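Raw contents of entry_0.pdb, PDB, C-alpha atoms and all ligand atoms:
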ATOM      1  CA  MET Y   9      19.696  -0.012 -24.202
ATOM      2  CA  LYS Y  10      16.042  -1.008 -23.824
ATOM      3  CA  MET Y  11      13.679   1.728 -25.050
ATOM      4  CA  VAL Y  12      10.712   2.637 -22.870
ATOM      5  CA  ASN Y  13       7.566   3.341 -24.848
ATOM      6  CA  TRP Y  14       4.108   4.007 -23.426
ATOM      7  CA  MET Y  15       2.835   0.447 -24.002
ATOM      8  CA  ASN Y  16       5.567  -1.367 -22.144
ATOM      9  CA  PHE Y  17       5.755   1.457 -19.599
ATOM     10  CA  GLU Y  18       2.176   0.677 -18.472
ATOM     11  CA  GLU Y  19       3.112  -3.004 -18.200
ATOM     12  CA  GLU Y  20       6.295  -2.178 -16.316
ATOM     13  CA  ILE Y  21       4.435   0.035 -13.850
ATOM     14  CA  LYS Y  22       2.029  -2.837 -13.122
ATOM     15  CA  GLU Y  23       4.861  -5.302 -12.580
ATOM     16  CA  LYS Y  24       6.859  -2.918 -10.441
ATOM     17  CA  THR Y  25       3.841  -1.971  -8.328
ATOM     18  CA  ALA Y  26       3.210  -5.688  -7.717
ATOM     19  CA  HIS Y  27       6.863  -6.050  -6.675
ATOM     20  CA  MET Y  28       6.455  -3.079  -4.254
ATOM     21  CA  GLU Y  29       3.390  -4.792  -2.716
ATOM     22  CA  GLU Y  30       5.350  -8.024  -2.337
ATOM     23  CA  VAL Y  31       8.258  -6.320  -0.567
ATOM     24  CA  LEU Y  32       5.929  -4.286   1.659
ATOM     25  CA  ASN Y  33       3.755  -7.275   2.592
ATOM     26  CA  SER Y  34       6.818  -9.268   3.620
ATOM     27  CA  PHE Y  35       7.524  -6.716   6.377
ATOM     28  CA  LEU Y  36       3.992  -6.123   7.713
ATOM     29  CA  PRO Y  37       3.371  -7.062  11.366
ATOM     30  CA  ARG Y  38       1.234 -10.133  12.151
ATOM     31  CA  GLU Y  39      -2.217  -9.362  13.427
ATOM     32  CA  ASP Y  40      -2.097 -11.159  16.751
ATOM     33  CA  GLY Y  41      -1.588 -10.519  20.466
ATOM     34  CA  LEU Y  42      -3.823  -8.453  22.753
ATOM     35  CA  GLN Y  43      -2.833  -5.354  20.778
ATOM     36  CA  LYS Y  44      -4.013  -6.836  17.488
ATOM     37  CA  THR Y  45      -6.597  -4.086  16.836
ATOM     38  CA  VAL Y  46      -3.909  -1.443  16.379
ATOM     39  CA  ILE Y  47      -1.979  -3.789  14.079
ATOM     40  CA  GLU Y  48      -5.127  -4.419  12.018
ATOM     41  CA  ALA Y  49      -5.678  -0.656  11.745
ATOM     42  CA  MET Y  50      -2.053  -0.179  10.595
ATOM     43  CA  ASN Y  51      -2.381  -2.906   7.973
ATOM     44  CA  TYR Y  52      -5.810  -1.609   6.890
ATOM     45  CA  SER Y  53      -4.165   1.656   5.893
ATOM     46  CA  VAL Y  54      -1.013   0.208   4.334
ATOM     47  CA  THR Y  55      -2.792  -2.454   2.268
ATOM     48  CA  ALA Y  56      -5.371  -0.041   0.814
ATOM     49  CA  GLY Y  57      -3.424   0.325  -2.430
ATOM     50  CA  GLY Y  58      -1.839   3.552  -3.546
ATOM     51  CA  LYS Y  59       0.768   4.178  -6.180
ATOM     52  CA  ARG Y  60       3.736   2.981  -4.075
ATOM     53  CA  LEU Y  61       5.640   5.853  -5.612
ATOM     54  CA  ARG Y  62       8.191   6.416  -2.856
ATOM     55  CA  PRO Y  63       9.557   2.843  -2.655
ATOM     56  CA  MET Y  64       9.524   2.730  -6.450
ATOM     57  CA  LEU Y  65      11.568   5.934  -6.715
ATOM     58  CA  MET Y  66      13.912   4.544  -4.056
ATOM     59  CA  GLU Y  67      14.560   1.251  -5.835
ATOM     60  CA  GLU Y  68      14.888   2.833  -9.287
ATOM     61  CA  THR Y  69      17.414   5.367  -7.987
ATOM     62  CA  TYR Y  70      19.284   2.486  -6.310
ATOM     63  CA  LYS Y  71      19.442   0.659  -9.646
ATOM     64  CA  MET Y  72      20.536   3.798 -11.500
ATOM     65  CA  PHE Y  73      23.600   3.973  -9.231
ATOM     66  CA  GLY Y  74      24.312   0.269  -9.766
ATOM     67  CA  GLY Y  75      22.737  -1.049  -6.558
ATOM     68  CA  SER Y  76      21.630  -4.676  -6.315
ATOM     69  CA  GLY Y  77      20.691  -7.048  -3.500
ATOM     70  CA  ASP Y  78      18.173  -6.860  -0.679
ATOM     71  CA  LEU Y  79      19.757  -4.255   1.625
ATOM     72  CA  ILE Y  80      17.309  -1.699   0.283
ATOM     73  CA  GLU Y  81      14.096  -3.660   0.912
ATOM     74  CA  PRO Y  82      13.620  -2.767   4.626
ATOM     75  CA  PHE Y  83      13.960   0.903   3.647
ATOM     76  CA  MET Y  84      11.428   0.526   0.808
ATOM     77  CA  ALA Y  85       8.874  -0.839   3.273
ATOM     78  CA  ALA Y  86       9.800   1.759   5.895
ATOM     79  CA  ILE Y  87       9.222   4.782   3.642
ATOM     80  CA  GLU Y  88       5.804   3.472   2.596
ATOM     81  CA  MET Y  89       4.896   2.953   6.278
ATOM     82  CA  ILE Y  90       5.908   6.535   7.079
ATOM     83  CA  HIS Y  91       3.916   7.830   4.098
ATOM     84  CA  ASN Y  92       0.863   5.877   5.293
ATOM     85  CA  TYR Y  93       1.204   7.120   8.868
ATOM     86  CA  SER Y  94       1.144  10.690   7.534
ATOM     87  CA  LEU Y  95      -2.029   9.969   5.543
ATOM     88  CA  VAL Y  96      -3.787   8.351   8.539
ATOM     89  CA  HIS Y  97      -3.005  11.353  10.740
ATOM     90  CA  ASP Y  98      -3.724  13.908   8.001
ATOM     91  CA  ASP Y  99      -7.227  12.416   7.544
ATOM     92  CA  LEU Y 100      -8.108  12.736  11.263
ATOM     93  CA  PRO Y 101     -10.873  15.144  12.336
ATOM     94  CA  ALA Y 102      -8.204  17.291  14.044
ATOM     95  CA  MET Y 103      -6.485  17.762  10.672
ATOM     96  CA  ASP Y 104      -8.308  17.480   7.308
ATOM     97  CA  ASN Y 105     -11.240  15.400   8.582
ATOM     98  CA  ASP Y 106     -11.511  13.236   5.454
ATOM     99  CA  GLU Y 107     -13.780  10.202   5.252
ATOM    100  CA  TYR Y 108     -12.430   8.581   2.099
ATOM    101  CA  ARG Y 109      -8.988   7.763   0.780
ATOM    102  CA  ARG Y 110      -8.039   5.414  -2.058
ATOM    103  CA  GLY Y 111     -11.734   4.624  -2.473
ATOM    104  CA  ARG Y 112     -12.089   3.271   1.076
ATOM    105  CA  LYS Y 113     -13.275   4.680   4.395
ATOM    106  CA  THR Y 114     -10.382   6.300   6.238
ATOM    107  CA  THR Y 115      -8.776   4.562   9.214
ATOM    108  CA  HIS Y 116     -10.445   6.700  11.924
ATOM    109  CA  VAL Y 117     -13.871   6.123  10.359
ATOM    110  CA  VAL Y 118     -13.387   2.346  10.539
ATOM    111  CA  TYR Y 119     -11.414   2.003  13.798
ATOM    112  CA  GLY Y 120     -12.246   5.217  15.704
ATOM    113  CA  GLU Y 121     -10.090   8.268  16.301
ATOM    114  CA  GLY Y 122      -8.037   6.936  19.201
ATOM    115  CA  MET Y 123      -7.087   3.790  17.329
ATOM    116  CA  ALA Y 124      -6.217   5.807  14.198
ATOM    117  CA  VAL Y 125      -3.858   8.022  16.221
ATOM    118  CA  LEU Y 126      -2.223   4.864  17.567
ATOM    119  CA  ALA Y 127      -2.113   3.235  14.111
ATOM    120  CA  GLY Y 128      -0.217   6.277  12.763
ATOM    121  CA  ASP Y 129       2.161   6.239  15.727
ATOM    122  CA  GLY Y 130       2.521   2.467  15.324
ATOM    123  CA  LEU Y 131       3.402   2.803  11.629
ATOM    124  CA  LEU Y 132       6.018   5.467  12.311
ATOM    125  CA  ASN Y 133       7.734   3.359  14.975
ATOM    126  CA  TYR Y 134       7.418   0.151  13.003
ATOM    127  CA  ALA Y 135       8.970   1.911  10.010
ATOM    128  CA  PHE Y 136      12.179   2.453  11.974
ATOM    129  CA  GLU Y 137      12.065  -1.053  13.459
ATOM    130  CA  THR Y 138      11.780  -2.322   9.874
ATOM    131  CA  ALA Y 139      14.540  -0.092   8.470
ATOM    132  CA  CYS Y 140      16.900  -1.476  11.146
ATOM    133  CA  ILE Y 141      16.561  -4.933   9.547
ATOM    134  CA  ALA Y 142      19.027  -3.553   6.966
ATOM    135  CA  PHE Y 143      21.754  -3.890   9.649
ATOM    136  CA  GLU Y 144      21.010  -7.637   9.875
ATOM    137  CA  ARG Y 145      21.384  -7.869   6.086
ATOM    138  CA  ALA Y 146      24.648  -5.903   5.920
ATOM    139  CA  LYS Y 147      27.436  -7.959   4.347
ATOM    140  CA  SER Y 148      30.351  -5.577   4.933
ATOM    141  CA  PRO Y 149      31.393  -2.644   7.161
ATOM    142  CA  GLU Y 150      30.522  -0.366   4.190
ATOM    143  CA  ASP Y 151      26.955  -1.704   4.242
ATOM    144  CA  TYR Y 152      26.648  -0.753   7.949
ATOM    145  CA  VAL Y 153      27.843   2.771   7.239
ATOM    146  CA  LYS Y 154      25.473   3.149   4.285
ATOM    147  CA  ALA Y 155      22.522   1.830   6.321
ATOM    148  CA  ALA Y 156      23.340   4.258   9.154
ATOM    149  CA  SER Y 157      23.448   7.238   6.742
ATOM    150  CA  ALA Y 158      20.168   6.087   5.187
ATOM    151  CA  LEU Y 159      18.542   5.824   8.619
ATOM    152  CA  LYS Y 160      19.548   9.403   9.418
ATOM    153  CA  ILE Y 161      18.008  10.699   6.167
ATOM    154  CA  LEU Y 162      14.823   8.690   6.841
ATOM    155  CA  ALA Y 163      14.458  10.273  10.292
ATOM    156  CA  LYS Y 164      15.344  13.821   9.281
ATOM    157  CA  LYS Y 165      13.180  14.130   6.181
ATOM    158  CA  ALA Y 166      10.108  12.810   8.029
ATOM    159  CA  GLY Y 167      10.671  15.033  11.058
ATOM    160  CA  ILE Y 168      10.613  18.674  12.114
ATOM    161  CA  TYR Y 169      13.081  19.632   9.363
ATOM    162  CA  GLY Y 170      10.972  17.720   6.847
ATOM    163  CA  MET Y 171       7.375  16.501   6.654
ATOM    164  CA  ILE Y 172       6.247  17.436  10.178
ATOM    165  CA  GLY Y 173       7.766  20.922   9.729
ATOM    166  CA  GLY Y 174       5.795  21.356   6.493
ATOM    167  CA  GLN Y 175       2.572  20.166   8.079
ATOM    168  CA  CYS Y 176       3.078  22.675  10.932
ATOM    169  CA  VAL Y 177       3.316  25.620   8.512
ATOM    170  CA  ASP Y 178       0.392  24.206   6.507
ATOM    171  CA  ILE Y 179      -1.887  24.083   9.565
ATOM    172  CA  GLU Y 180      -0.970  27.624  10.565
ATOM    173  CA  ALA Y 181      -1.470  28.896   7.014
ATOM    174  CA  GLU Y 182      -5.149  27.909   7.137
ATOM    175  CA  ASP Y 183      -5.837  30.701   9.614
ATOM    176  CA  ARG Y 184      -3.612  33.286   7.929
ATOM    177  CA  GLN Y 185      -5.186  33.466   4.483
ATOM    178  CA  THR Y 186      -4.221  37.043   3.620
ATOM    179  CA  ASP Y 187      -0.491  37.023   4.344
ATOM    180  CA  ILE Y 188       0.363  33.667   2.772
ATOM    181  CA  THR Y 189       2.969  34.197   0.068
ATOM    182  CA  GLU Y 190       4.424  31.961  -2.614
ATOM    183  CA  GLU Y 191       7.411  31.517  -0.287
ATOM    184  CA  HIS Y 192       5.131  29.938   2.349
ATOM    185  CA  ILE Y 193       3.528  27.683  -0.248
ATOM    186  CA  LEU Y 194       6.913  26.498  -1.517
ATOM    187  CA  PHE Y 195       8.118  25.913   2.064
ATOM    188  CA  ILE Y 196       5.032  23.783   2.736
ATOM    189  CA  HIS Y 197       5.410  21.802  -0.513
ATOM    190  CA  GLU Y 198       9.144  21.315   0.001
ATOM    191  CA  HIS Y 199       8.761  19.988   3.538
ATOM    192  CA  LYS Y 200       5.386  18.296   3.519
ATOM    193  CA  THR Y 201       5.664  16.567   0.143
ATOM    194  CA  ALA Y 202       9.146  16.811  -1.403
ATOM    195  CA  ALA Y 203      10.980  15.760   1.779
ATOM    196  CA  LEU Y 204       9.744  12.129   1.644
ATOM    197  CA  ILE Y 205      10.503  11.951  -2.084
ATOM    198  CA  GLN Y 206      13.999  13.292  -1.336
ATOM    199  CA  SER Y 207      14.338  10.718   1.435
ATOM    200  CA  ALA Y 208      13.332   7.909  -0.945
ATOM    201  CA  MET Y 209      15.721   8.882  -3.734
ATOM    202  CA  MET Y 210      18.640   9.880  -1.485
ATOM    203  CA  ILE Y 211      18.401   6.555   0.380
ATOM    204  CA  GLY Y 212      18.398   4.713  -2.962
ATOM    205  CA  ALA Y 213      21.492   6.648  -4.027
ATOM    206  CA  LEU Y 214      23.333   6.278  -0.696
ATOM    207  CA  LEU Y 215      22.744   2.531  -0.382
ATOM    208  CA  ALA Y 216      24.056   2.034  -3.915
ATOM    209  CA  GLY Y 217      27.232   3.908  -2.999
ATOM    210  CA  ALA Y 218      26.628   7.308  -4.639
ATOM    211  CA  ASP Y 219      29.101   9.976  -3.513
ATOM    212  CA  GLU Y 220      28.259  13.245  -1.728
ATOM    213  CA  GLU Y 221      28.027  15.309  -4.902
ATOM    214  CA  GLN Y 222      25.752  12.784  -6.610
ATOM    215  CA  THR Y 223      23.523  12.536  -3.511
ATOM    216  CA  ALA Y 224      23.214  16.341  -3.397
ATOM    217  CA  LEU Y 225      22.136  16.337  -7.062
ATOM    218  CA  ILE Y 226      19.552  13.658  -6.284
ATOM    219  CA  GLU Y 227      18.267  15.815  -3.420
ATOM    220  CA  LYS Y 228      17.752  18.703  -5.872
ATOM    221  CA  CYS Y 229      16.177  16.417  -8.474
ATOM    222  CA  ALA Y 230      13.755  14.999  -5.869
ATOM    223  CA  TYR Y 231      12.918  18.547  -4.746
ATOM    224  CA  ASP Y 232      11.797  19.355  -8.302
ATOM    225  CA  ILE Y 233       9.814  16.103  -8.511
ATOM    226  CA  GLY Y 234       8.197  16.736  -5.122
ATOM    227  CA  ILE Y 235       7.084  20.302  -5.907
ATOM    228  CA  ALA Y 236       5.754  19.235  -9.329
ATOM    229  CA  PHE Y 237       3.978  16.269  -7.700
ATOM    230  CA  GLN Y 238       2.283  18.497  -5.127
ATOM    231  CA  ILE Y 239       1.209  21.135  -7.678
ATOM    232  CA  GLN Y 240      -0.308  18.311  -9.768
ATOM    233  CA  ASP Y 241      -2.065  17.079  -6.590
ATOM    234  CA  ASP Y 242      -3.541  20.567  -6.146
ATOM    235  CA  ILE Y 243      -4.551  20.671  -9.834
ATOM    236  CA  LEU Y 244      -6.351  17.310  -9.469
ATOM    237  CA  ASP Y 245      -8.149  18.590  -6.367
ATOM    238  CA  VAL Y 246      -9.758  21.188  -8.669
ATOM    239  CA  THR Y 247     -10.136  19.242 -11.935
ATOM    240  CA  SER Y 248     -10.710  15.581 -11.009
ATOM    241  CA  SER Y 249     -13.601  13.629  -9.452
ATOM    242  CA  MET Y 250     -14.285  11.410  -6.441
ATOM    243  CA  GLU Y 251     -14.635   8.368  -8.755
ATOM    244  CA  VAL Y 252     -11.165   8.828 -10.241
ATOM    245  CA  LEU Y 253      -9.297  10.036  -7.120
ATOM    246  CA  GLY Y 254     -10.991   7.739  -4.584
ATOM    247  CA  LYS Y 255     -11.412  10.730  -2.247
ATOM    248  CA  PRO Y 256     -13.522  13.885  -2.417
ATOM    249  CA  VAL Y 257     -12.268  16.713  -4.628
ATOM    250  CA  GLY Y 258     -12.395  20.358  -3.526
ATOM    251  CA  SER Y 259     -10.795  19.569  -0.168
ATOM    252  CA  ASP Y 260      -8.362  22.514  -0.447
ATOM    253  CA  GLU Y 261     -11.285  24.912  -0.781
ATOM    254  CA  LYS Y 262     -13.143  23.165   2.063
ATOM    255  CA  ASN Y 263     -10.068  23.588   4.303
ATOM    256  CA  ASN Y 264      -9.369  27.184   3.190
ATOM    257  CA  LYS Y 265      -6.031  26.155   1.740
ATOM    258  CA  ILE Y 266      -4.116  28.562  -0.453
ATOM    259  CA  THR Y 267      -2.251  26.535  -3.059
ATOM    260  CA  TYR Y 268      -0.031  27.226  -6.063
ATOM    261  CA  VAL Y 269      -3.201  26.842  -8.162
ATOM    262  CA  THR Y 270      -5.198  29.417  -6.182
ATOM    263  CA  ILE Y 271      -2.329  31.917  -6.530
ATOM    264  CA  HIS Y 272      -1.344  31.304 -10.180
ATOM    265  CA  GLY Y 273      -4.335  29.570 -11.798
ATOM    266  CA  LEU Y 274      -4.430  26.247 -13.652
ATOM    267  CA  GLU Y 275      -2.489  27.176 -16.794
ATOM    268  CA  LEU Y 276       0.573  28.621 -15.054
ATOM    269  CA  SER Y 277       0.499  25.760 -12.555
ATOM    270  CA  LYS Y 278       0.605  23.229 -15.394
ATOM    271  CA  GLU Y 279       3.521  25.110 -16.978
ATOM    272  CA  LYS Y 280       5.353  25.038 -13.640
ATOM    273  CA  THR Y 281       4.930  21.259 -13.248
ATOM    274  CA  ALA Y 282       6.280  20.714 -16.788
ATOM    275  CA  GLU Y 283       9.278  22.980 -16.100
ATOM    276  CA  LEU Y 284      10.132  21.252 -12.805
ATOM    277  CA  SER Y 285       9.741  17.777 -14.203
ATOM    278  CA  GLY Y 286      11.925  18.684 -17.206
ATOM    279  CA  GLU Y 287      14.617  19.942 -14.841
ATOM    280  CA  ALA Y 288      14.438  16.738 -12.749
ATOM    281  CA  ILE Y 289      14.779  14.581 -15.864
ATOM    282  CA  ARG Y 290      17.779  16.627 -17.041
ATOM    283  CA  ILE Y 291      19.506  15.885 -13.721
ATOM    284  CA  LEU Y 292      18.690  12.164 -13.961
ATOM    285  CA  ALA Y 293      19.973  12.002 -17.532
ATOM    286  CA  SER Y 294      23.278  13.569 -16.455
ATOM    287  CA  PHE Y 295      24.400  10.519 -14.423
ATOM    288  CA  PRO Y 296      26.736   8.003 -16.069
ATOM    289  CA  LYS Y 297      24.203   5.144 -16.046
ATOM    290  CA  ARG Y 298      20.743   6.151 -17.248
ATOM    291  CA  ASN Y 299      17.495   4.617 -15.964
ATOM    292  CA  LEU Y 300      14.943   5.250 -18.715
ATOM    293  CA  PHE Y 301      12.107   3.786 -16.676
ATOM    294  CA  LEU Y 302      12.824   6.273 -13.880
ATOM    295  CA  GLU Y 303      12.927   9.174 -16.353
ATOM    296  CA  LYS Y 304       9.595   8.071 -17.832
ATOM    297  CA  LEU Y 305       8.097   7.686 -14.354
ATOM    298  CA  VAL Y 306       9.035  11.258 -13.478
ATOM    299  CA  GLU Y 307       7.655  12.519 -16.790
ATOM    300  CA  GLN Y 308       4.409  10.622 -16.251
ATOM    301  CA  LEU Y 309       3.823  11.972 -12.726
ATOM    302  CA  ILE Y 310       2.703  15.368 -13.999
ATOM    303  CA  TYR Y 311       0.155  13.747 -16.335
ATOM    304  CA  ARG Y 312      -1.193  11.372 -13.698
ATOM    305  CA  LYS Y 313      -4.950  11.262 -13.132
ATOM    306  CA  LYS Y 314      -4.772  10.208  -9.465
TER
HETATM  307  C1  LIG R 401       0.324  14.313   9.799
HETATM  308  C2  LIG R 401       2.830  14.489  10.234
HETATM  309  C3  LIG R 401       1.715  14.588   9.325
HETATM  310  C4  LIG R 401       1.964  14.933   8.066
HETATM  311  C5  LIG R 401       0.930  15.000   7.076
HETATM  312  C6  LIG R 401       1.963  14.072   3.935
HETATM  313  C7  LIG R 401       0.989  14.827   4.729
HETATM  314  C8  LIG R 401       1.506  15.580   5.836
HETATM  315  C9  LIG R 401      -0.320  14.796   4.519
HETATM  316  C10 LIG R 401      -1.006  13.961   3.544
HETATM  317  C11 LIG R 401      -1.889  14.718   2.612
HETATM  318  C12 LIG R 401      -1.147  15.348   1.485
HETATM  319  C13 LIG R 401      -1.931  16.128   0.490
HETATM  320  C14 LIG R 401       0.135  15.223   1.410
HETATM  321  C15 LIG R 401       0.957  15.776   0.371
HETATM  322  C16 LIG R 401       1.666  14.675  -0.291
HETATM  323  C17 LIG R 401       0.743  13.868  -1.118
HETATM  324  C18 LIG R 401       0.265  14.423  -2.403
HETATM  325  C19 LIG R 401       0.375  12.685  -0.663
HETATM  326  C20 LIG R 401      -0.405  11.700  -1.435
HETATM  327  O1  LIG R 401       0.570  10.834  -1.950
HETATM  328  P1  LIG R 401       0.270   9.797  -3.084
HETATM  329  O2  LIG R 401      -0.503  10.467  -4.181
HETATM  330  O3  LIG R 401      -0.701   8.792  -2.331
HETATM  331  O4  LIG R 401       1.536   9.136  -3.439
HETATM  332  P2  LIG R 401      -0.975   7.246  -2.621
HETATM  333  O5  LIG R 401      -2.402   7.045  -2.171
HETATM  334  O6  LIG R 401      -0.797   6.977  -4.084
HETATM  335  O7  LIG R 401      -0.022   6.482  -1.766
END

For the structure just supplied, provide its representation as structure tokens.
Amino acid sequence: MKMVNWMNFEEEIKEKTAHMEEVLNSFLPREDGLQKTVIEAMNYSVTAGGKRLRPMLMEETYKMFGGSGDLIEPFMAAIEMIHNYSLVHDDLPAMDNDEYRRGRKTTHVVYGEGMAVLAGDGLLNYAFETACIAFERAKSPEDYVKAASALKILAKKAGIYGMIGGQCVDIEAEDRQTDITEEHILFIHEHKTAALIQSAMMIGALLAGADEEQTALIEKCAYDIGIAFQIQDDILDVTSSMEVLGKPVGSDEKNNKITYVTIHGLELSKEKTAELSGEAIRILASFPKRNLFLEKLVEQLIYRKK
């Protein structure tokens, strides 16, 4: 089996990110019609770069379970559209009121608040319109069933029992500084951040034909990755810089957010990310076919600089 070392890992990440961009671009709406401003605002957000982590995790999980073919591509684009909608809305003055993301002005700064609300809504709807293209690509009754199960996961993990639920508790936590416990923080991280990572990896597994037990293990593995990813995000908010992150640091403090780092400090937070990522990799390594790139990707996420 091919060994993944750091040199070819960097190369592989570049190639795979370019492949993510290619897939995503092939599903973006054309900027025409009388409503073209909202479409431009949607594409402005989606084409601003970013790590493309969620579609990458989806496709790598798909490959680990032996998946091949293009059934997965509409879902890869859809999850990145949902992720971008959440960023556009999270940056709005009514939420975090951020002016920069990925080194560019945020969508509401460029297009105005009303258009940014619509661009987020547009991305969410277009994500589902895009995911449904999988039904046109289905080659067997099994493909239809898999696509339907994937669609359900996509909807649930982005909704009130997933990302929106987490954002609700996050907003309320800002005004309740004193009685926020670790349980609240973990609820927020699980729903706001881990849910989309779970969605990505579970969809990859389901479309490749993973069984119920394997999909449940992937859900647990993606939970660990998601919590570790969010704690690292909170660490970077304290330790990084605007130049590296492409957005202002110190936003948690500005928004009175209690995070894992404010409760436990940097050292314990770093230990926690290492523990969670180790656990996720152990789960990945337990499946019959190993994906060394995926294992390395998970390991690298806790050392990422942005
Ligand atoms: C507005 C419904 C609604 C939800 C907002 C996801 C979210 C909830 C807010 C975005 C801000 C934030 C800190 C989310 C936590 C997840 C996270 C660390 C997102 C950033 O993801 P990356 O690092 O971003 O993958 P790139 O830019 O690489 O795509």

Quiz item: Within 10 Å of stretch 34-38 of chain Y, counting only C-alpha atoms, which residues qualify if same-chain residues fewer than 6 places away don't, as a PyMOL selection string?
Solution: chain Y and resi 44+47-48+50-51+54-55+81-82+84-86+89+131+134-135+138-139+141

*Check what the PyMOL selection byres (((chain Y and resi 282-288) around 10) and not hetatm) selects in the file above and give those residues as number ranges by chain.*
Y: 225-226, 228-237, 240, 276-281, 289-293, 303, 306-311

Within 8 Å of ligand LIG 401 (chain R), which residues of chain Y come that close, and what is the closest atom pair and distance in Å for each? Count all atoms listed in the file and give it as a tab-separated table.
residue	atom	partner	partner_atom	distance
Y:Gly57	CA	R:LIG401	O5	6.8
Y:Gly58	CA	R:LIG401	O6	3.6
Y:Lys59	CA	R:LIG401	O6	3.8
Y:Arg60	CA	R:LIG401	O7	5.6
Y:Leu61	CA	R:LIG401	O4	5.7
Y:Arg62	CA	R:LIG401	O4	7.2
Y:Glu88	CA	R:LIG401	O7	7.9
Y:His91	CA	R:LIG401	C6	6.5
Y:Asn92	CA	R:LIG401	O7	7.1
Y:Tyr93	CA	R:LIG401	C1	7.3
Y:Ser94	CA	R:LIG401	C3	4.3
Y:Leu95	CA	R:LIG401	C10	4.6
Y:Val96	CA	R:LIG401	C1	7.4
Y:His97	CA	R:LIG401	C1	4.6
Y:Asp98	CA	R:LIG401	C1	4.4
Y:Asp99	CA	R:LIG401	C10	7.6
Y:Met103	CA	R:LIG401	C1	7.7
Y:Arg109	CA	R:LIG401	O5	7.3
Y:Arg110	CA	R:LIG401	O5	5.9
Y:Ala166	CA	R:LIG401	C2	7.8
Y:Gly167	CA	R:LIG401	C2	7.9
Y:Met171	CA	R:LIG401	C4	5.8
Y:Ile172	CA	R:LIG401	C2	4.5
Y:Gly174	CA	R:LIG401	C8	7.2
Y:Gln175	CA	R:LIG401	C8	5.2
Y:His197	CA	R:LIG401	C15	7.5
Y:Lys200	CA	R:LIG401	C8	5.3
Y:Thr201	CA	R:LIG401	C16	4.4
Y:Ala202	CA	R:LIG401	C16	7.9
Y:Phe237	CA	R:LIG401	C18	6.7
Y:Gln238	CA	R:LIG401	C18	5.3
Y:Asp241	CA	R:LIG401	C18	5.5
Y:Lys314	CA	R:LIG401	O2	6.8

Exercise for the section: Please write the residues picked by the PyMOL selection byres (((chain Y and resi 71) around 12) and not hetatm) on this file as number ranges by chain. Expected result: Y: 64-70, 72-78, 80, 209, 211-218, 297-302

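Put simply, atom CA of Y:Thr115 is 6.4 Å away from atom CA of Y:Ser53.
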
Students should find that atom CA of Y:Glu227 and atom CA of Y:Ser207 are spaced 8.1 Å

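With distances restricted to all atoms listed in the file, Y:Asp260 is the closest residue to Y:Asn105 from Y:Glu220, Y:Asp260, Y:Asp183, Y:Glu150.
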